[in-house]
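Undergrad: To start, I am sharing the structure in question, which I have written as structure tokens.
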Amino acid sequence: MPIQHIKVLRNGTDEEELKVVETTGLPTWDADTKFTVVGRPQSRLEGLEKVTGRARYSYDVRLSGQLYAAVLRSPYPHARIRHIDTTKAEQLPGVHAILSSANAPDDITWYEEKSKLFDKTLRFIGDEVAAVAAESEEFAQDALRLIEVAYEPLPFVIEVEAALQPDAPRVHDKGNRVDEPTIYERGNAAAGLREADVVIEQTYTTQTAVHNSLEPHGCTAFWEGDQLTLWESTQGIFETREQVAEKLGLPEHHVRVVKEHMGGGFGSKQVPWKQTVIAALLSKQSGHPVQLMLDREAENLAAGNRNATVQRVRLGAKRDGTLTAILADIQVVVGAYMVGGEASEVNGMYERLYRCPNVRTEQIGVYINAGPCVAFRAPGHVEAAFALEAAMDELARALQLDPLTLRNRNYSEIDQKKEKPLSMPNALQVCYERATAAFGWQTYQRPAPTGPKRRGIGIAAHEWGGSGQPPAYAWIKLNGDGTVDVVTGTQDIGTGARTGLAQVAAEVLGLPIEQISVHLGDTAKGPYSPTSAGSSTQASVGPAVFAAAVEAKRQLLEVAAKLLEEEPERLEIRDGVVMVEGEPENKLTVAEVTGRLAPHMIIGQGARGPNAKDKTIRTFGAQCVEVEVDVETGEITVLRVVAAHDCGRIINPTMVDSQVFGGITQGVGFALTEERIVDEKRGLVLNANLEEYKIPTVADIPQMTNVPVNLPDLAANPTGVKGIGEPPLVPTAPAIANAVFDAIGVRLRHAPLSRRQLLAALATQAESIDKSAPPHTQEGQS
């Protein structure tokens, strides 16, 4: 950074000039570092705002003259618009602007240029047909009903198997395959199968799941001249600014994106969707601010979902459990369009998690006439874990090995895909040890059956990224009263980022956290930070805040040294007081130092450095589950889940617990109840609401225990932090499926594990037993 010239007033009279220059090397928080703020439970800084209703979300924005927008959506899974007439809607009092394919800019494309903003070819129920801005939501809905559209229905396809048939209706002109298959190979998988003493070959399927964030997608758009401001519910304010500016042909500095608070995104808000640009165009056309927030049905139809998969898995092993081959043929349903995050990394866990010399994966994305998929908390890994970890459990049973023993026997200490060492090669083993010890895996005694109820236990593991990445920037500003402003362009998506970043700053500066204020979520006020995705916010922005705080502290100590007539190296800061080592009476408060300096200001600038190139940084975890299964009703009750997840250094144990418990809760839903249901004959989503789409409620939540795994990873960054947001969801469903098998001896290979599926499997099992039983003799029967 450039040299700063600051004036120091000593004793109120003498004036001396200091030159402050940037230092290069950064200290690190090693395993022996003593902390006063980091690693301690801390309530959310914004908690009071949220519980009192003062926190402002995108839906809460109210501007003078604001209009409200609604979108007319396709009632067909595949159709062509022959004619659209908005005349009657335009004449309705209170209507100020209408957009459709008849008047919207024709050069704005979407979904990797496979669709226009308002396309005349509609490829899923919920596709945008027209939009209205009116003086109330009710007026907007009334106007939609007056729009006349002539549709030409077209053939459609909903199921992945049908979509891959040569004569299937084409979602896009080039067919239903997204691209050529992605193939990965190491060793010779076919030879590995031949070498195996035991081979498991099964097909597993996972469902389409919907994010259903508490706050739906949407924004408020307002133009002041050629300057556009968007109050957006987004995981990436800079990504939104960049893409909206590109779509509208604006320079980036003419687009400002603000996100103060957000009611969840789970990956679906990583990218801007059509409604953001639609709101901006309606605002431009009407001359008013326009708010366009999706309702729950639109959220379920047109704002992304977790892709369904079909995974054919083959595992080969020696009698002692050593894996000789892993093969996976994977079909990933992407919906009608590619958005981002989908059709990726289902194959990754097969390639990395277990030590195996012979691995082959083949993955292909498939289009169908349904809403587009998008990243959903640990995209690809949740689906892969359900299949791979169930297959490992089946292999363990075939080998008559404890499932934990099989996993430990095939533990990998390197990144086999990149042929690099792992930064924390023992992390997964620590997770296994802590989860199983807290659960009582080795000493578990199965309770005697109570009527129709049976109990069982299961285990599953995961690997994930979470290393964070550059670029990310932060500023630290010390005010004249000794308080601190942390400024960055990141966004708090509900995970408590404000609090974690404040703890980092407070620890470095030696200040109570009450003196720290974090400012984020505004492209016009903070420096660039990346999209909050991949469990990366604390691991990306935290090191930038750390670097900025280190620089600010250096400047602060330089100033204090002049005032105390000591060398900076002899000074330290504790609880807001600068003191001389070994001379506790020779001290000044930080407020006294900055007060002498005012109105000049200490400003530290920090940037997130690059990731290590010689090591692979991953996160790992394991979960143990106990279930109770009612063999008469098919009900599965998850009794308890014990989790141990490596996330590097733990900044705030309360926040880590929150993320783990939230992930497990979503994992229970994925395992047992959540599934988008589509009528194959009409292409209609039958449960695009929270009444029929069954997310877990309080009654469904098991006893949850998070066993801390505090392993600072200094290869990741100077703070040793890695991500925790997504991993806790990954192993829950396969652990539940494995526990169900342990309880009743029946393997369910489709998620969710519905009552109907379970009862059908039990009936098949009973029928098989009857057929294999020897015939009864006439004599000796009783």
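The way I read the labels, and the way they are meant: chains A, B, ... in the order of the structure tokens, residue 1 as the first residue of every chain, and ligand 1 as the first ligand shown, with later ones counted on from there.
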Please list as a list in words every residue within 8 Å of Ala438 (chain A), counting only C-alpha atoms and excluding residues in the same chain fewer than 2 positions away.
TA: Arg434, Ala435, Thr436, Gly440, Val642 and Val707 of chain A
Undergrad: Write a file of the just-selected residues containing all heavy atoms, as a PDB file, in the first residue's frame.
TA:
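Written file, selection.pdb:
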ATOM      1  N   ARG A 434     -13.613 -39.497  17.146  1.00  0.00           N
ATOM      2  CA  ARG A 434     -14.416 -38.684  18.062  1.00  0.00           C
ATOM      3  C   ARG A 434     -15.912 -38.959  17.904  1.00  0.00           C
ATOM      4  O   ARG A 434     -16.651 -38.994  18.891  1.00  0.00           O
ATOM      5  CB  ARG A 434     -14.097 -37.203  17.850  1.00  0.00           C
ATOM      6  CG  ARG A 434     -12.661 -36.893  18.219  1.00  0.00           C
ATOM      7  CD  ARG A 434     -12.358 -35.422  18.252  1.00  0.00           C
ATOM      8  NE  ARG A 434     -10.940 -35.217  18.545  1.00  0.00           N
ATOM      9  CZ  ARG A 434     -10.347 -34.028  18.582  1.00  0.00           C
ATOM     10  NH1 ARG A 434     -11.053 -32.922  18.359  1.00  0.00           N
ATOM     11  NH2 ARG A 434      -9.057 -33.928  18.852  1.00  0.00           N
ATOM     12  N   ALA A 435     -16.359 -39.159  16.683  1.00  0.00           N
ATOM     13  CA  ALA A 435     -17.782 -39.434  16.477  1.00  0.00           C
ATOM     14  C   ALA A 435     -18.170 -40.780  17.066  1.00  0.00           C
ATOM     15  O   ALA A 435     -19.184 -40.899  17.773  1.00  0.00           O
ATOM     16  CB  ALA A 435     -18.126 -39.384  14.986  1.00  0.00           C
ATOM     17  N   THR A 436     -17.380 -41.816  16.786  1.00  0.00           N
ATOM     18  CA  THR A 436     -17.736 -43.154  17.266  1.00  0.00           C
ATOM     19  C   THR A 436     -17.598 -43.270  18.778  1.00  0.00           C
ATOM     20  O   THR A 436     -18.384 -43.959  19.437  1.00  0.00           O
ATOM     21  CB  THR A 436     -16.866 -44.226  16.581  1.00  0.00           C
ATOM     22  OG1 THR A 436     -15.473 -43.920  16.780  1.00  0.00           O
ATOM     23  CG2 THR A 436     -17.162 -44.288  15.089  1.00  0.00           C
ATOM     24  N   GLY A 440     -20.690 -44.164  21.052  1.00  0.00           N
ATOM     25  CA  GLY A 440     -20.657 -45.498  21.650  1.00  0.00           C
ATOM     26  C   GLY A 440     -20.790 -46.585  20.597  1.00  0.00           C
ATOM     27  O   GLY A 440     -21.450 -47.609  20.814  1.00  0.00           O
ATOM     28  N   VAL A 642     -24.743 -38.230  15.990  1.00  0.00           N
ATOM     29  CA  VAL A 642     -23.498 -37.701  16.551  1.00  0.00           C
ATOM     30  C   VAL A 642     -22.584 -37.356  15.383  1.00  0.00           C
ATOM     31  O   VAL A 642     -22.314 -38.205  14.526  1.00  0.00           O
ATOM     32  CB  VAL A 642     -22.822 -38.710  17.499  1.00  0.00           C
ATOM     33  CG1 VAL A 642     -21.469 -38.161  17.954  1.00  0.00           C
ATOM     34  CG2 VAL A 642     -23.710 -38.981  18.703  1.00  0.00           C
ATOM     35  N   VAL A 707     -19.488 -33.065  18.059  1.00  0.00           N
ATOM     36  CA  VAL A 707     -18.228 -33.245  18.777  1.00  0.00           C
ATOM     37  C   VAL A 707     -17.183 -32.354  18.099  1.00  0.00           C
ATOM     38  O   VAL A 707     -16.840 -32.583  16.945  1.00  0.00           O
ATOM     39  CB  VAL A 707     -17.764 -34.712  18.739  1.00  0.00           C
ATOM     40  CG1 VAL A 707     -16.512 -34.894  19.580  1.00  0.00           C
ATOM     41  CG2 VAL A 707     -18.873 -35.638  19.206  1.00  0.00           C
TER      42      VAL A 707
END
Undergrad: Would you kindly return, as number ranges by chain, each protein, DNA or RNA residue with an atom no farther than 9 Å from any atom of Ala163 (chain A), considering only C-alpha atoms and excluding same-chain residues fewer than 4 positions away?
TA: A: 157-159, 167-171, 175-177, 366-368
Undergrad: Using DSSP secondary structure from the backbone, list all strand (DSSP E or B) positions within region 467-608 of chain A, as a VMD selection string.
TA: chain A and resid 473 to 478 484 to 488 516 to 519 522 571 to 574 577 to 580 583 to 589 602 to 607
Undergrad: Report the closest atom pair, with its distance in Å rounded to one decimal, for each residue of region 441-553 of chain A that has an atom no farther than 9 Å from region 41-64 of chain A; count only C-alpha atoms, sort by chain and then rising residue number, and write it as a Markdown table.
TA:
| residue | atom | partner | partner_atom | distance |
| --- | --- | --- | --- | --- |
| A:Gly496 | CA | A:Arg44 | CA | 6.2 |
| A:Ala497 | CA | A:Arg44 | CA | 8.9 |
| A:Arg498 | CA | A:Leu45 | CA | 6.7 |
| A:Thr499 | CA | A:Leu45 | CA | 5.6 |
| A:Gly500 | CA | A:Arg44 | CA | 8.7 |
| A:Ala502 | CA | A:Leu45 | CA | 8.6 |
| A:Gln503 | CA | A:Gln42 | CA | 8.5 |
| A:Glu514 | CA | A:Leu45 | CA | 8.9 |
| A:Ser517 | CA | A:Leu45 | CA | 8.6 |
| A:Val518 | CA | A:Leu45 | CA | 8.8 |
Undergrad: Can you spit out the residues from that selection as an mmCIF file, in the first residue's frame, using N, CA, C and O atoms?
TA:
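In the end it all went to out-v4.cif:
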data_model
loop_
_atom_site.group_PDB
_atom_site.id
_atom_site.type_symbol
_atom_site.label_atom_id
_atom_site.label_comp_id
_atom_site.auth_asym_id
_atom_site.auth_seq_id
_atom_site.Cartn_x
_atom_site.Cartn_y
_atom_site.Cartn_z
ATOM 1 N N GLY A 496 -23.875 -16.033 10.233
ATOM 2 C CA GLY A 496 -23.172 -15.358 11.318
ATOM 3 C C GLY A 496 -21.817 -14.816 10.922
ATOM 4 O O GLY A 496 -20.933 -14.677 11.772
ATOM 5 N N ALA A 497 -21.638 -14.475 9.643
ATOM 6 C CA ALA A 497 -20.337 -13.997 9.168
ATOM 7 C C ALA A 497 -19.903 -12.726 9.890
ATOM 8 O O ALA A 497 -18.713 -12.540 10.175
ATOM 9 N N ARG A 498 -20.843 -11.831 10.184
ATOM 10 C CA ARG A 498 -20.490 -10.598 10.903
ATOM 11 C C ARG A 498 -19.741 -10.927 12.198
ATOM 12 O O ARG A 498 -18.721 -10.322 12.520
ATOM 13 N N THR A 499 -20.274 -11.898 12.913
ATOM 14 C CA THR A 499 -19.712 -12.224 14.221
ATOM 15 C C THR A 499 -18.339 -12.868 14.085
ATOM 16 O O THR A 499 -17.393 -12.510 14.803
ATOM 17 N N GLY A 500 -18.198 -13.824 13.184
ATOM 18 C CA GLY A 500 -16.909 -14.484 13.001
ATOM 19 C C GLY A 500 -15.823 -13.521 12.570
ATOM 20 O O GLY A 500 -14.685 -13.585 13.061
ATOM 21 N N ALA A 502 -15.790 -10.264 13.119
ATOM 22 C CA ALA A 502 -15.528 -9.372 14.244
ATOM 23 C C ALA A 502 -14.612 -10.032 15.264
ATOM 24 O O ALA A 502 -13.733 -9.377 15.853
ATOM 25 N N GLN A 503 -14.787 -11.337 15.485
ATOM 26 C CA GLN A 503 -13.926 -12.036 16.438
ATOM 27 C C GLN A 503 -12.473 -12.058 15.968
ATOM 28 O O GLN A 503 -11.551 -11.927 16.773
ATOM 29 N N GLU A 514 -17.100 -5.856 21.668
ATOM 30 C CA GLU A 514 -18.099 -4.782 21.705
ATOM 31 C C GLU A 514 -17.596 -3.512 21.017
ATOM 32 O O GLU A 514 -18.393 -2.639 20.660
ATOM 33 N N SER A 517 -17.341 -3.064 14.940
ATOM 34 C CA SER A 517 -18.544 -3.015 14.115
ATOM 35 C C SER A 517 -18.188 -3.487 12.712
ATOM 36 O O SER A 517 -17.164 -3.060 12.157
ATOM 37 N N VAL A 518 -18.995 -4.384 12.162
ATOM 38 C CA VAL A 518 -18.721 -4.950 10.840
ATOM 39 C C VAL A 518 -19.713 -4.392 9.832
ATOM 40 O O VAL A 518 -20.932 -4.432 10.053
#
Undergrad: List the neighbours of Gln311 (chain A) out to 12 Å using only C-alpha atoms; skip same-chain residues closer than 6 positions along the sequence, and give me the result as a PyMOL selection string.
TA: chain A and resi 160+201-207+327-333+346-347+350+361-364+380+383-388+390-391+749-751
Undergrad: Excluding region 755-765 of chain A and its own-chain neighbours fewer than 2 positions away, which residues fall within 7 Å of it when counting only C-alpha atoms? Please give them as a VMD selection string.
TA: chain A and resid 634 to 635 746 748 753 767 to 769
Undergrad: Write the residues you've just listed into a file as a PDB file, in the first residue's frame, and include C-alpha atoms for each of them.
TA:
ATOM      1  CA  GLY A 634     -42.972 -48.098   7.663  1.00  0.00           C
ATOM      2  CA  GLU A 635     -42.208 -45.088   9.853  1.00  0.00           C
ATOM      3  CA  VAL A 746     -33.674 -54.486   4.135  1.00  0.00           C
ATOM      4  CA  LEU A 748     -33.395 -49.051   0.501  1.00  0.00           C
ATOM      5  CA  LEU A 753     -36.602 -43.538   2.258  1.00  0.00           C
ATOM      6  CA  GLU A 767     -42.088 -63.228  -0.112  1.00  0.00           C
ATOM      7  CA  SER A 768     -38.488 -64.233  -0.826  1.00  0.00           C
ATOM      8  CA  ILE A 769     -38.223 -65.961   2.561  1.00  0.00           C
TER       9      ILE A 769
END
Undergrad: Just give me the gap between CA of Tyr693 (chain A) and CA of Lys274 (chain A) in Å, one decimal is fine.
TA: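 Computing the Euclidean distance for CA of Tyr693 (chain A) and CA of Lys274 (chain A) yields 24.1 Å.
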Undergrad: So how far away is CA of Pro543 (chain A) from CA of Gln243 (chain A), in Å?
TA: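 Between CA of Gln243 (chain A) and CA of Pro543 (chain A) the gap works out to 26.5 Å.
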Undergrad: CA of Cys431 (chain A) to CA of Arg312 (chain A): how many Å, to one decimal?
TA: 28.1 Å
Undergrad: Show me a table, sorted first by chain and then by increasing residue number, of the residues of region 559-670 of chain A having an atom at most 9 Å from region 531-542 of chain A, each with its shortest atom pair and the distance in Å to one decimal, counting only C-alpha atoms and written as JSON lines.
TA:
{"residue": "A:Ala607", "atom": "CA", "partner": "A:Val541", "partner_atom": "CA", "distance": 8.3}
{"residue": "A:Arg608", "atom": "CA", "partner": "A:Ser540", "partner_atom": "CA", "distance": 6.4}
{"residue": "A:Gly609", "atom": "CA", "partner": "A:Ser540", "partner_atom": "CA", "distance": 8.9}
Undergrad: Restricting the calculation to only C-alpha atoms: of A:Gly321, A:Gly669, A:Gly723, A:Gly683, which residue gets closest to Glu463 (chain A)?
TA: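 Ranked by minimum distance to Glu463 (chain A), first place goes to A:Gly723.
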Undergrad: A:Val678, A:Leu281, A:Leu729, A:Ile701: which is nearest Gly621 (chain A), counting only C-alpha atoms?
TA: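 Of A:Val678, A:Leu281, A:Leu729, A:Ile701, the one nearest Gly621 (chain A), counting only C-alpha atoms, is A:Leu729.
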Undergrad: Run DSSP on the backbone and grab whatever in region 150-209 of chain A lands in helix (DSSP H, G or I); send it over as a list in words.
TA: Val160, Glu161, Ala162, Ala163, Ala189, Ala190, Ala191, Gly192, Leu193, Arg194 and Glu195 of chain A
Undergrad: Convert the current residue selection to file output with N, CA, C and O atoms, as a PDB file, in the first residue's frame.
TA:
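To be explicit, this is the file written out as again-v4.pdb:
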ATOM      1  N   VAL A 160     -35.462 -39.146 -16.443  1.00  0.00           N
ATOM      2  CA  VAL A 160     -34.124 -39.182 -17.015  1.00  0.00           C
ATOM      3  C   VAL A 160     -33.952 -40.352 -17.973  1.00  0.00           C
ATOM      4  O   VAL A 160     -33.343 -40.202 -19.047  1.00  0.00           O
ATOM      5  N   GLU A 161     -34.475 -41.520 -17.626  1.00  0.00           N
ATOM      6  CA  GLU A 161     -34.327 -42.686 -18.505  1.00  0.00           C
ATOM      7  C   GLU A 161     -35.007 -42.446 -19.847  1.00  0.00           C
ATOM      8  O   GLU A 161     -34.452 -42.761 -20.904  1.00  0.00           O
ATOM      9  N   ALA A 162     -36.197 -41.850 -19.788  1.00  0.00           N
ATOM     10  CA  ALA A 162     -36.915 -41.547 -21.030  1.00  0.00           C
ATOM     11  C   ALA A 162     -36.183 -40.476 -21.836  1.00  0.00           C
ATOM     12  O   ALA A 162     -36.154 -40.531 -23.078  1.00  0.00           O
ATOM     13  N   ALA A 163     -35.571 -39.499 -21.142  1.00  0.00           N
ATOM     14  CA  ALA A 163     -34.891 -38.412 -21.836  1.00  0.00           C
ATOM     15  C   ALA A 163     -33.688 -38.890 -22.628  1.00  0.00           C
ATOM     16  O   ALA A 163     -33.289 -38.256 -23.606  1.00  0.00           O
ATOM     17  N   ALA A 189      -9.652 -50.064 -13.725  1.00  0.00           N
ATOM     18  CA  ALA A 189     -10.794 -50.441 -12.896  1.00  0.00           C
ATOM     19  C   ALA A 189     -11.311 -51.842 -13.238  1.00  0.00           C
ATOM     20  O   ALA A 189     -11.696 -52.606 -12.340  1.00  0.00           O
ATOM     21  N   ALA A 190     -11.320 -52.189 -14.517  1.00  0.00           N
ATOM     22  CA  ALA A 190     -11.797 -53.517 -14.909  1.00  0.00           C
ATOM     23  C   ALA A 190     -10.902 -54.606 -14.314  1.00  0.00           C
ATOM     24  O   ALA A 190     -11.386 -55.623 -13.802  1.00  0.00           O
ATOM     25  N   ALA A 191      -9.600 -54.377 -14.362  1.00  0.00           N
ATOM     26  CA  ALA A 191      -8.668 -55.347 -13.762  1.00  0.00           C
ATOM     27  C   ALA A 191      -8.847 -55.398 -12.252  1.00  0.00           C
ATOM     28  O   ALA A 191      -8.753 -56.461 -11.633  1.00  0.00           O
ATOM     29  N   GLY A 192      -9.139 -54.242 -11.650  1.00  0.00           N
ATOM     30  CA  GLY A 192      -9.383 -54.198 -10.219  1.00  0.00           C
ATOM     31  C   GLY A 192     -10.569 -55.037  -9.804  1.00  0.00           C
ATOM     32  O   GLY A 192     -10.551 -55.695  -8.750  1.00  0.00           O
ATOM     33  N   LEU A 193     -11.604 -55.031 -10.640  1.00  0.00           N
ATOM     34  CA  LEU A 193     -12.764 -55.878 -10.343  1.00  0.00           C
ATOM     35  C   LEU A 193     -12.403 -57.355 -10.449  1.00  0.00           C
ATOM     36  O   LEU A 193     -12.862 -58.177  -9.642  1.00  0.00           O
ATOM     37  N   ARG A 194     -11.575 -57.694 -11.429  1.00  0.00           N
ATOM     38  CA  ARG A 194     -11.182 -59.096 -11.581  1.00  0.00           C
ATOM     39  C   ARG A 194     -10.333 -59.575 -10.409  1.00  0.00           C
ATOM     40  O   ARG A 194     -10.388 -60.742 -10.025  1.00  0.00           O
ATOM     41  N   GLU A 195      -9.567 -58.666  -9.822  1.00  0.00           N
ATOM     42  CA  GLU A 195      -8.710 -59.028  -8.695  1.00  0.00           C
ATOM     43  C   GLU A 195      -9.506 -59.175  -7.391  1.00  0.00           C
ATOM     44  O   GLU A 195      -9.017 -59.752  -6.422  1.00  0.00           O
TER      45      GLU A 195
END
Undergrad: Using only C-alpha atoms, find each residue of region 279-323 of chain A with at least one atom at most 10 Å away from an atom of region 72-94 of chain A; report its shortest atom-to-atom pair and that distance in Å (one decimal), sort the rows by chain and rising residue number, and return the result as CSV.
TA:
residue,atom,partner,partner_atom,distance
A:Ala298,CA,A:Arg73,CA,8.4
A:Leu301,CA,A:Arg73,CA,9.5
A:Ala302,CA,A:Arg73,CA,9.2
Undergrad: List as a PyMOL selection string the protein and nucleic acid residues near Leu686 (chain A), meaning an atom at most 12 Å away when only C-alpha atoms are counted, but skip any in the same chain fewer than 2 places from it.
TA: chain A and resi 125+297+300-301+675-684+688-693
Undergrad: Tell me which of A:Pro425, A:Gly316, A:Pro251, A:Gly662 sits closest to Met392 (chain A), counting only C-alpha atoms.
TA: A:Gly316
Undergrad: Find the residue from A:Val580, A:Ala644, A:Ala547, A:Asn358 that sits nearest to Glu185 (chain A); use only C-alpha atoms when measuring.
TA: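 That would be A:Asn358, the residue with the smallest distance to Glu185 (chain A).
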Undergrad: May I ask which of the residues A:Ala448, A:Ala699, A:Val313, A:Val709 is the closest one to Ile326 (chain A), counting only C-alpha atoms?
TA: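 Answer, going by the shortest atom-to-atom distance: A:Val313.
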Undergrad: For Asp492 (chain A), which residue among A:Leu557, A:Val578, A:Ile237, A:Ala622 is the nearest when counting only C-alpha atoms?
TA: A:Ile237
